[in-house]
Amino acid sequence: MEPIDVAHARFQEIKAEIASYADTVETEADTRLKVIDRVITEVLLWPYREILAEPAVSTGFVDYSCTVNDRSRLIIEAKKDGRSLGCEGRPIKRGFKLSGGVFTSATAKEGIAQAIRYCGEKNAELACVTNGREWVVFRGNRLGDGIDTREGVAFIFSSLDSIDQDFAYFYNLLSYEAAKTFGYRPYFQESEGQPIRLTAFNKSLRKQGSAKFLKRSDLSSDLEKVMSSFFHRLSGEEDPDLLNACFVETHESRYADHQLARISENIVRTIRDLNTGDGDALTNLVRRVSEARRHEFVVIVGTKGAGKSTFVKRFFNTVLPQSILDAIAVARVDLSEATGDMGSLVSWLNNSLLVAVESALFPEEPPSFNQIEGIFYDEYTRLKKGPWAALYKSDHDQFLVKFGDWVETIRRERPNEYIEGLLRYIVRSQSRVPVVVFDNADHFDIEFQQKVYQYARSIYEKTICLIVLPITDRTSWQLSKHGALQSFDHESLFLPTPATDHIIRKRIEFLEGRVEMERERPDDRYFVKRGIYLSIENLAAFTRTLQRVFLQTSSVSAWIGELANHDVRRALNIARAFATSPHLRVDDLLKSYLAGSAIEIPKSRAAKALIRGDYDIYPVGQHDYVQNVFSLNSDLETTPLLGVRLLQLLSDVPRDERRGALIDVERVISYFAAAGIEVRAINLWLDAMLKTGLCLSYDPTVRDVASSGQIEISPAGARHLFWARESFEYLSAMADVTPLLREDTFDSMVEDLRDGRGWRAKTARFLGYLMAEDLSYCTLPAHPAYESQLRLTRVLQGTLQQLGIPEVTVRAIADS
């Protein structure tokens with residue numbers, strides 16, 4: 001059930017209970033305890049931590065100050081049941097002016113005056129006066145809109161029965177949910193007669209679902225099959241050698257290689273020294289071990305998509321010298337397979353690590369009884385000489401059975417003890433170093449990664465070992481902030497995100513090398529996938545063509561990396577879609593290459609291929625990487641430039657070396673609320689931007705605005721911001737599919753296309769329309785903080801002028 005349905009059902013229960021003890025509600029304290037308190041917490045779902053009772057202000061004490069994130073949002077003034085507010089018989093959904101003839105009773109006047117005064121002191125917007133039966137809801141603070149507070153309206157619920165009759169209205173005005181999202185504001189806006197659009201027109205040049213799949217030539221269709229297979233191979237999913245060979249080295253990754261190898265070698269040397277029988281050597285060993293650390297904890301830090309997992313796999317597969325590899329046992333726990341449930345995480349880690357360590361110790365088959373006896377030899381000896389000595393002497397076979405059951409019980413019920421035994425066995429009996437890798441923790445949120453870190457620390461403390469934990473830079477900063485990384489010894493190694501063109505170059509070069517190796521095949525054919533073959537010569541030409549496309553047109557690689565937010569897999573998916581787009585005309589490129597002609601891709605054509613994909617227009621609702629920033633949300637009417645303005649603000653945030661360019665969501669909301677934009681609209685658009693990856697939460701796994709304390713612009717958001725301001729191709733594509741709310745603009749754009757004036761006129765009218773609509777909803781204050789928003793307006797005006805349609809002006813569209 002939805003929260004509002006649960007709340008309504010609970011209200012009906014409470015209403016019946018109140019009726020049963022109504023004769024005991026006499027004082028204001030009775031009213032608050034037996035009615036108002038219950039409605040606030042059980043029906044309107046305000047958390048107790050967000051309710052302050054009797055907080056002091058300079059003019060008295062507020063009955064209730066209800067807060068959201070410790071900021072006052074609602075002031076409630078309580079009166080005892082016997083004091084009438086004069087609201088009997090009044091309709092529910094009609095707004096009554098506070099200064100009008102309805103609120104004439106002494107109690108109503110007193111309560112309204114108190115609530116307005118307290119709203120001013122607490123800077124809360126919403127107010128309510130109630131005696132438990134009658135509820136008067138109004139805006140006690142206009143937040144600087146220039147209208148007298150008493151010129152505003154109040155909504156009346158004359159009894160508990162009237163609340164029951166239209167519970168949704170009551171809930172949407174006073175609930176915690178409504179306060180968080182400012183969901184009550186549209187009701188006041190509508191009742192107070194603020195300008196709303198009179199027309200119901202809402203139409204785009206091309207309706208959703210009308211995108212046409214473009215027909216390909218035969219050669220293009222054949223190449224698409226090959227390209228799909230080719231890019232599938234580029235992903236490395238079926239070729240581990242590719243990921244190892246194509247890891248993009250940087251100065252930081254080479255330093256990380258060196259440091260990790262040094263740490264591994266030092267620990268291995270310590271283990272080897274433990275086997276020395278020479279007296280002098282043993283003395284030196286004791287001295288060295290007492291002075292040096294006996295274990296190491298390495299944190300691999302990088303953004304999501306930096307290749308942390310590939311770095312670790314490559315390091316142990318190809319970088320570390322064989323002499324050291326022979327002296328270690330690597331157990332890898334893949335956290336991408338975890339459920340993500342925090343409650344069961346430790347149990348999952350215990351079971352997964354147990355299996356991983358067992359597999360590292362016994363890769364061929366499960367351990368034999370003799371090996372298990374060796375692993376737990378200390379316990380075996382203790383039981384043999386102590387508690388089970390009699391059984392050992394009288395029935396050795398039964399002793400072995402009981403010992404086996406004991407070990408299995410430890411394995412099943414206390415896996416952490418079993419893991420400790422395995423790790424000790426690796427060190428003591430095999431003279432090797434256990435290396436435990438906790439990989440892919442960054443598939444989950446920061447809290448999850450922190451818990452994995454704590455678990456890894458617990459393993460680290462138990463024996464000589466090397467722990468390797470890749471985490472995101474955000475988690476690293478959070479752990480440092482709370483002291484965890486400063487409290488323990490560890491080594492931090494940073495991996496930057498490699499450029500997309502470097503990633504694609506190395507992978508194409510690798511596959512091209514594979515082609516050269518396969519030239520000696522008897523049939524001179526190259527197997528791609530699922531029965532698709534291509535001659536070696538053609539494939540060699542094909543891969544070289546792809547290199548020219550992606551590497552000599554550097555802006556394309558940059559665009560792809562940005563749209564993918566620098567995630568390698570996403571980038572390869574975008575590259576595949578781009579390379580197979582009919583707008584790119586890859587068959588022409590291949591023909592040109594084979595003919596020895598120059599290959600060039602105009603930026604406009606490359607942008608069209610990325611934006612429209614396989615269709616004649618931008619495919620609304622079907623594009624995973626390119627978004628229409630002018631129509632991210634349609635639940636509430638607002639400026640269509642809100643998405644662009646939000647991206648502009650996020651783009652202006654200074655970048656901190658450790659925390660990135662983060663800004664509080666509340667600051668974003670306050671910034672645009674001061675420009676006259678409805679707060680609920682800001683929340684809706686921010687939520688859409690998080691879900692589409694145009695901005696990122698402090699924790700990148702969080703994708704709803706309600707759970708995001710801080711956000712920043714993403715690389716994809718930065719690319720969309722540039723396109724929305726200056727790209728004719730992007731603006732033209734969105735002009736086709738963005739719903740227009742002005743019929744005259746729609747008709748003019750249709751006429752432009754019919755008369756052959758083409759995309760320039762259509763795009764100019766669309767951009768002029770966007771800016772004219774923005775004037776209706778957004779009033780930028782004359783303050784230095786809004787200079788970049790004013791500059792954005794000037795940039796859009798410049799783009800409009802560059803389109804060269806002089807009769808299209810923002811003012812002409814606005815005046816019409």
# chains A, B, ... in the order shown; residues from 1 in each chain; ligands from 1
call {"tool": "residues_around", "arguments": {"residues": "A:Glu54", "least_positions_apart": "5", "cutoff": "10 Å", "atoms": "only C-alpha atoms", "output": "list in words"}}
result
Gly60, Phe61, Val62, Asp63, Tyr64 and Ser65 of chain A
call {"tool": "write_last_selection", "arguments": {"atoms": "C-alpha atoms", "output": "PDB file, in the first residue's frame"}}
result
ATOM      1  CA  GLY A  60       6.961  32.890  23.729  1.00  0.00           C
ATOM      2  CA  PHE A  61       6.850  29.146  23.142  1.00  0.00           C
ATOM      3  CA  VAL A  62       5.785  27.344  19.960  1.00  0.00           C
ATOM      4  CA  ASP A  63       3.380  24.459  20.565  1.00  0.00           C
ATOM      5  CA  TYR A  64       4.901  22.353  17.759  1.00  0.00           C
ATOM      6  CA  SER A  65       7.774  23.099  15.404  1.00  0.00           C
TER       7      SER A  65
END
call {"tool": "residues_around", "arguments": {"residues": "A:Ala785", "least_positions_apart": "2", "cutoff": "12 Å", "atoms": "only C-alpha atoms", "output": "list in words"}}
result
Leu649, Asp652, Val653, Tyr671, Phe672, Ala674, Ala675, Leu780, Pro781, Ala782, His783, Glu787, Ser788, Gln789, Leu790 and Arg791 of chain A
call {"tool": "write_last_selection", "arguments": {"atoms": "N, CA, C and O atoms", "output": "PDB file, in the first residue's frame"}}
result
ATOM      1  N   LEU A 649      24.418  25.509 -12.774  1.00  0.00           N
ATOM      2  CA  LEU A 649      24.779  25.754 -11.380  1.00  0.00           C
ATOM      3  C   LEU A 649      25.773  24.700 -10.884  1.00  0.00           C
ATOM      4  O   LEU A 649      26.784  25.028 -10.249  1.00  0.00           O
ATOM      5  N   ASP A 652      29.243  25.204 -12.037  1.00  0.00           N
ATOM      6  CA  ASP A 652      29.952  26.335 -11.446  1.00  0.00           C
ATOM      7  C   ASP A 652      30.557  26.024 -10.079  1.00  0.00           C
ATOM      8  O   ASP A 652      31.316  26.823  -9.551  1.00  0.00           O
ATOM      9  N   VAL A 653      30.202  24.878  -9.494  1.00  0.00           N
ATOM     10  CA  VAL A 653      30.686  24.557  -8.147  1.00  0.00           C
ATOM     11  C   VAL A 653      32.188  24.296  -8.193  1.00  0.00           C
ATOM     12  O   VAL A 653      32.658  23.486  -9.003  1.00  0.00           O
ATOM     13  N   TYR A 671      18.594  28.145  -3.998  1.00  0.00           N
ATOM     14  CA  TYR A 671      19.112  29.010  -5.058  1.00  0.00           C
ATOM     15  C   TYR A 671      18.036  29.272  -6.107  1.00  0.00           C
ATOM     16  O   TYR A 671      17.802  30.429  -6.506  1.00  0.00           O
ATOM     17  N   PHE A 672      17.366  28.212  -6.561  1.00  0.00           N
ATOM     18  CA  PHE A 672      16.372  28.397  -7.623  1.00  0.00           C
ATOM     19  C   PHE A 672      15.009  28.826  -7.081  1.00  0.00           C
ATOM     20  O   PHE A 672      14.232  29.443  -7.805  1.00  0.00           O
ATOM     21  N   ALA A 674      14.714  31.071  -4.934  1.00  0.00           N
ATOM     22  CA  ALA A 674      14.861  32.528  -4.910  1.00  0.00           C
ATOM     23  C   ALA A 674      14.680  33.133  -6.296  1.00  0.00           C
ATOM     24  O   ALA A 674      14.440  34.339  -6.425  1.00  0.00           O
ATOM     25  N   ALA A 675      14.769  32.309  -7.330  1.00  0.00           N
ATOM     26  CA  ALA A 675      14.530  32.779  -8.700  1.00  0.00           C
ATOM     27  C   ALA A 675      13.079  32.561  -9.110  1.00  0.00           C
ATOM     28  O   ALA A 675      12.736  32.719 -10.292  1.00  0.00           O
ATOM     29  N   LEU A 780      15.541  35.907 -12.440  1.00  0.00           N
ATOM     30  CA  LEU A 780      16.870  35.853 -11.839  1.00  0.00           C
ATOM     31  C   LEU A 780      17.141  37.116 -11.041  1.00  0.00           C
ATOM     32  O   LEU A 780      17.044  38.224 -11.574  1.00  0.00           O
ATOM     33  N   PRO A 781      17.499  36.973  -9.762  1.00  0.00           N
ATOM     34  CA  PRO A 781      17.806  38.169  -8.947  1.00  0.00           C
ATOM     35  C   PRO A 781      19.045  38.896  -9.473  1.00  0.00           C
ATOM     36  O   PRO A 781      19.957  38.280 -10.036  1.00  0.00           O
ATOM     37  N   ALA A 782      19.077  40.192  -9.286  1.00  0.00           N
ATOM     38  CA  ALA A 782      20.239  40.986  -9.684  1.00  0.00           C
ATOM     39  C   ALA A 782      21.288  40.886  -8.587  1.00  0.00           C
ATOM     40  O   ALA A 782      21.473  41.789  -7.760  1.00  0.00           O
ATOM     41  N   HIS A 783      21.986  39.754  -8.588  1.00  0.00           N
ATOM     42  CA  HIS A 783      22.963  39.471  -7.543  1.00  0.00           C
ATOM     43  C   HIS A 783      24.134  38.726  -8.181  1.00  0.00           C
ATOM     44  O   HIS A 783      23.936  37.942  -9.109  1.00  0.00           O
ATOM     45  N   GLU A 787      25.177  35.498 -11.712  1.00  0.00           N
ATOM     46  CA  GLU A 787      25.832  35.974 -12.930  1.00  0.00           C
ATOM     47  C   GLU A 787      25.971  34.855 -13.963  1.00  0.00           C
ATOM     48  O   GLU A 787      25.771  35.071 -15.155  1.00  0.00           O
ATOM     49  N   SER A 788      26.308  33.644 -13.515  1.00  0.00           N
ATOM     50  CA  SER A 788      26.476  32.556 -14.485  1.00  0.00           C
ATOM     51  C   SER A 788      25.146  32.179 -15.123  1.00  0.00           C
ATOM     52  O   SER A 788      25.105  31.767 -16.290  1.00  0.00           O
ATOM     53  N   GLN A 789      24.051  32.319 -14.381  1.00  0.00           N
ATOM     54  CA  GLN A 789      22.736  32.049 -14.963  1.00  0.00           C
ATOM     55  C   GLN A 789      22.375  33.120 -15.994  1.00  0.00           C
ATOM     56  O   GLN A 789      21.794  32.806 -17.048  1.00  0.00           O
ATOM     57  N   LEU A 790      22.729  34.363 -15.713  1.00  0.00           N
ATOM     58  CA  LEU A 790      22.519  35.430 -16.699  1.00  0.00           C
ATOM     59  C   LEU A 790      23.406  35.213 -17.924  1.00  0.00           C
ATOM     60  O   LEU A 790      22.983  35.444 -19.060  1.00  0.00           O
ATOM     61  N   ARG A 791      24.624  34.727 -17.663  1.00  0.00           N
ATOM     62  CA  ARG A 791      25.525  34.435 -18.769  1.00  0.00           C
ATOM     63  C   ARG A 791      24.982  33.295 -19.626  1.00  0.00           C
ATOM     64  O   ARG A 791      25.094  33.312 -20.853  1.00  0.00           O
TER      65      ARG A 791
END
call {"tool": "residues_around", "arguments": {"residues": "A:Val468", "least_positions_apart": "4", "cutoff": "12 Å", "atoms": "only C-alpha atoms", "output": "PyMOL selection string"}}
result
chain A and resi 256+260+263-264+295-301+308-309+311-313+315-316+330-333+434-441+452-453+456-457+459-460+490-493
call {"tool": "write_last_selection", "arguments": {"atoms": "N, CA, C and O atoms", "output": "compact mmCIF listing (two decimals), in the first residue's frame"}}
result
# COMPACT_ATOMS: atom_id res chain seq x y z
N ALA A 256 51.73 1.99 -8.54
CA ALA A 256 50.96 1.01 -7.77
C ALA A 256 51.51 -0.40 -8.00
O ALA A 256 51.62 -1.19 -7.05
N LEU A 260 52.91 -2.51 -4.84
CA LEU A 260 52.24 -3.75 -4.49
C LEU A 260 53.21 -4.93 -4.59
O LEU A 260 53.21 -5.84 -3.76
N ILE A 263 55.55 -4.75 -1.55
CA ILE A 263 54.88 -5.21 -0.33
C ILE A 263 54.79 -6.73 -0.32
O ILE A 263 55.08 -7.39 0.68
N SER A 264 54.39 -7.31 -1.45
CA SER A 264 54.26 -8.77 -1.54
C SER A 264 55.60 -9.44 -1.28
O SER A 264 55.70 -10.42 -0.53
N HIS A 295 52.16 -7.84 8.65
CA HIS A 295 51.11 -7.97 7.63
C HIS A 295 50.90 -6.63 6.96
O HIS A 295 51.40 -5.61 7.44
N GLU A 296 50.19 -6.63 5.84
CA GLU A 296 50.01 -5.39 5.07
C GLU A 296 48.55 -5.28 4.63
O GLU A 296 47.88 -6.27 4.34
N PHE A 297 48.09 -4.02 4.59
CA PHE A 297 46.73 -3.72 4.13
C PHE A 297 46.86 -2.66 3.03
O PHE A 297 47.37 -1.57 3.27
N VAL A 298 46.42 -3.01 1.83
CA VAL A 298 46.56 -2.11 0.68
C VAL A 298 45.17 -1.69 0.20
O VAL A 298 44.31 -2.54 -0.06
N VAL A 299 44.97 -0.40 0.09
CA VAL A 299 43.72 0.15 -0.43
C VAL A 299 43.98 0.69 -1.84
O VAL A 299 44.84 1.56 -2.02
N ILE A 300 43.26 0.15 -2.83
CA ILE A 300 43.34 0.66 -4.21
C ILE A 300 42.21 1.66 -4.39
O ILE A 300 41.03 1.29 -4.35
N VAL A 301 42.54 2.92 -4.57
CA VAL A 301 41.54 3.99 -4.63
C VAL A 301 41.37 4.47 -6.06
O VAL A 301 42.35 4.72 -6.77
N LYS A 308 39.90 -0.68 -11.42
CA LYS A 308 40.54 -1.23 -10.22
C LYS A 308 40.59 -2.75 -10.27
O LYS A 308 41.63 -3.36 -9.96
N SER A 309 39.48 -3.39 -10.66
CA SER A 309 39.44 -4.85 -10.72
C SER A 309 40.42 -5.38 -11.76
O SER A 309 41.14 -6.36 -11.53
N PHE A 311 43.10 -3.90 -12.82
CA PHE A 311 44.46 -3.69 -12.31
C PHE A 311 44.88 -4.83 -11.39
O PHE A 311 45.99 -5.37 -11.50
N VAL A 312 43.99 -5.21 -10.47
CA VAL A 312 44.33 -6.25 -9.50
C VAL A 312 44.53 -7.60 -10.20
O VAL A 312 45.51 -8.32 -9.95
N LYS A 313 43.60 -7.95 -11.11
CA LYS A 313 43.73 -9.23 -11.82
C LYS A 313 45.01 -9.25 -12.65
O LYS A 313 45.75 -10.25 -12.65
N PHE A 315 47.70 -7.55 -12.18
CA PHE A 315 48.89 -7.56 -11.33
C PHE A 315 49.27 -8.99 -10.95
O PHE A 315 50.43 -9.39 -11.07
N PHE A 316 48.30 -9.76 -10.48
CA PHE A 316 48.61 -11.12 -10.03
C PHE A 316 48.80 -12.09 -11.20
O PHE A 316 49.43 -13.13 -11.05
N VAL A 330 46.39 -16.72 -3.42
CA VAL A 330 45.46 -15.61 -3.65
C VAL A 330 44.02 -16.10 -3.55
O VAL A 330 43.61 -17.02 -4.24
N ALA A 331 43.27 -15.46 -2.65
CA ALA A 331 41.84 -15.74 -2.50
C ALA A 331 41.07 -14.47 -2.85
O ALA A 331 41.27 -13.43 -2.21
N ARG A 332 40.23 -14.55 -3.87
CA ARG A 332 39.49 -13.37 -4.32
C ARG A 332 38.01 -13.52 -3.99
O ARG A 332 37.38 -14.52 -4.37
N VAL A 333 37.47 -12.54 -3.29
CA VAL A 333 36.04 -12.50 -2.99
C VAL A 333 35.40 -11.47 -3.91
O VAL A 333 35.75 -10.28 -3.86
N PRO A 434 49.10 -15.64 2.58
CA PRO A 434 47.72 -15.51 2.09
C PRO A 434 47.46 -14.08 1.60
O PRO A 434 47.75 -13.12 2.30
N VAL A 435 46.95 -13.98 0.37
CA VAL A 435 46.58 -12.68 -0.20
C VAL A 435 45.07 -12.70 -0.41
O VAL A 435 44.55 -13.54 -1.15
N VAL A 436 44.37 -11.82 0.27
CA VAL A 436 42.91 -11.78 0.20
C VAL A 436 42.48 -10.50 -0.51
O VAL A 436 42.80 -9.39 -0.06
N VAL A 437 41.77 -10.66 -1.62
CA VAL A 437 41.31 -9.52 -2.41
C VAL A 437 39.79 -9.42 -2.25
O VAL A 437 39.07 -10.37 -2.56
N PHE A 438 39.32 -8.30 -1.76
CA PHE A 438 37.88 -8.02 -1.67
C PHE A 438 37.53 -7.11 -2.84
O PHE A 438 37.69 -5.89 -2.76
N ASP A 439 37.05 -7.70 -3.92
CA ASP A 439 36.89 -6.96 -5.18
C ASP A 439 35.44 -6.55 -5.41
O ASP A 439 34.50 -7.20 -4.95
N ASN A 440 35.27 -5.45 -6.16
CA ASN A 440 33.96 -4.96 -6.62
C ASN A 440 33.04 -4.49 -5.50
O ASN A 440 31.82 -4.50 -5.65
N ALA A 441 33.62 -4.05 -4.38
CA ALA A 441 32.78 -3.48 -3.33
C ALA A 441 32.07 -2.22 -3.81
O ALA A 441 31.01 -1.86 -3.31
N VAL A 452 32.59 -3.55 4.48
CA VAL A 452 33.56 -4.48 3.92
C VAL A 452 34.96 -4.13 4.43
O VAL A 452 35.75 -5.02 4.77
N TYR A 453 35.26 -2.85 4.50
CA TYR A 453 36.55 -2.41 5.02
C TYR A 453 36.74 -2.90 6.45
O TYR A 453 37.81 -3.42 6.82
N ALA A 456 37.42 -6.58 6.42
CA ALA A 456 38.77 -6.85 5.93
C ALA A 456 39.80 -6.55 7.02
O ALA A 456 40.79 -7.27 7.17
N ARG A 457 39.57 -5.49 7.80
CA ARG A 457 40.48 -5.19 8.90
C ARG A 457 40.51 -6.32 9.91
O ARG A 457 41.56 -6.64 10.47
N ILE A 459 40.14 -9.49 9.39
CA ILE A 459 40.96 -10.57 8.85
C ILE A 459 42.44 -10.19 8.95
O ILE A 459 43.29 -10.99 9.34
N TYR A 460 42.72 -8.96 8.65
CA TYR A 460 44.10 -8.45 8.64
C TYR A 460 44.77 -8.60 10.01
O TYR A 460 45.96 -8.88 10.11
N HIS A 490 48.20 1.32 6.66
CA HIS A 490 47.77 0.81 5.37
C HIS A 490 48.57 1.54 4.29
O HIS A 490 49.23 2.54 4.54
N GLU A 491 48.49 1.02 3.09
CA GLU A 491 49.10 1.66 1.94
C GLU A 491 47.99 2.02 0.97
O GLU A 491 47.17 1.18 0.61
N SER A 492 47.91 3.28 0.56
CA SER A 492 46.89 3.72 -0.40
C SER A 492 47.53 3.92 -1.77
O SER A 492 48.54 4.61 -1.88
N LEU A 493 46.93 3.32 -2.78
CA LEU A 493 47.42 3.45 -4.14
C LEU A 493 46.28 4.00 -4.99
O LEU A 493 45.18 3.45 -5.00
call {"tool": "residues_around", "arguments": {"residues": "A:Leu361", "least_positions_apart": "2", "cutoff": "8 Å", "atoms": "only C-alpha atoms", "output": "VMD selection string"}}
result
chain A and resid 329 357 to 359 363 426
call {"tool": "residues_around", "arguments": {"residues": "stretch 385-389 of chain A", "least_positions_apart": "6", "cutoff": "12 Å", "atoms": "only C-alpha atoms", "output": "PyMOL selection string"}}
result
chain A and resi 378-379+395-396+398-403+406
call {"tool": "atom_distance", "arguments": {"atom1": "atom CA of A:Ile464", "atom2": "atom CA of A:Leu423"}}
result
8.3 Å
call {"tool": "closest_residue", "arguments": {"among": "A:Ser714, A:Gln648, A:Asn131, A:Asn416", "to": "A:Val795", "atoms": "only C-alpha atoms"}}
result
A:Gln648
call {"tool": "atom_distance", "arguments": {"atom1": "atom CA of A:Leu383", "atom2": "atom CA of A:Gly421"}}
result
15.7 Å
call {"tool": "atom_distance", "arguments": {"atom1": "atom CA of A:Leu422", "atom2": "atom CA of A:Ser347"}}
result
17.4 Å
call {"tool": "closest_residue", "arguments": {"among": "A:Arg719, A:Arg655, A:Arg139, A:Arg32", "to": "A:Gly561", "atoms": "only C-alpha atoms"}}
result
A:Arg719
call {"tool": "closest_residue", "arguments": {"among": "A:Asn350, A:Ser581, A:Thr745, A:Thr779", "to": "A:Thr809", "atoms": "only C-alpha atoms"}}
result
A:Thr745
call {"tool": "select_by_dssp", "arguments": {"residues": "stretch 15-162 of chain A", "states": "helix (DSSP H, G or I)", "output": "PyMOL selection string"}}
result
chain A and resi 15-20+22-24+28-43+48-50+106-122+149-151+160-162
call {"tool": "residues_around", "arguments": {"residues": "A:Phe362", "least_positions_apart": "6", "cutoff": "10 Å", "atoms": "only C-alpha atoms", "output": "list in words"}}
result
Ala356, Ser368 and Gln371 of chain A
call {"tool": "residues_around", "arguments": {"residues": "A:Ser162", "least_positions_apart": "6", "cutoff": "10 Å", "atoms": "only C-alpha atoms", "output": "VMD selection string"}}
result
chain A and resid 89 to 92 133 to 135 156 170
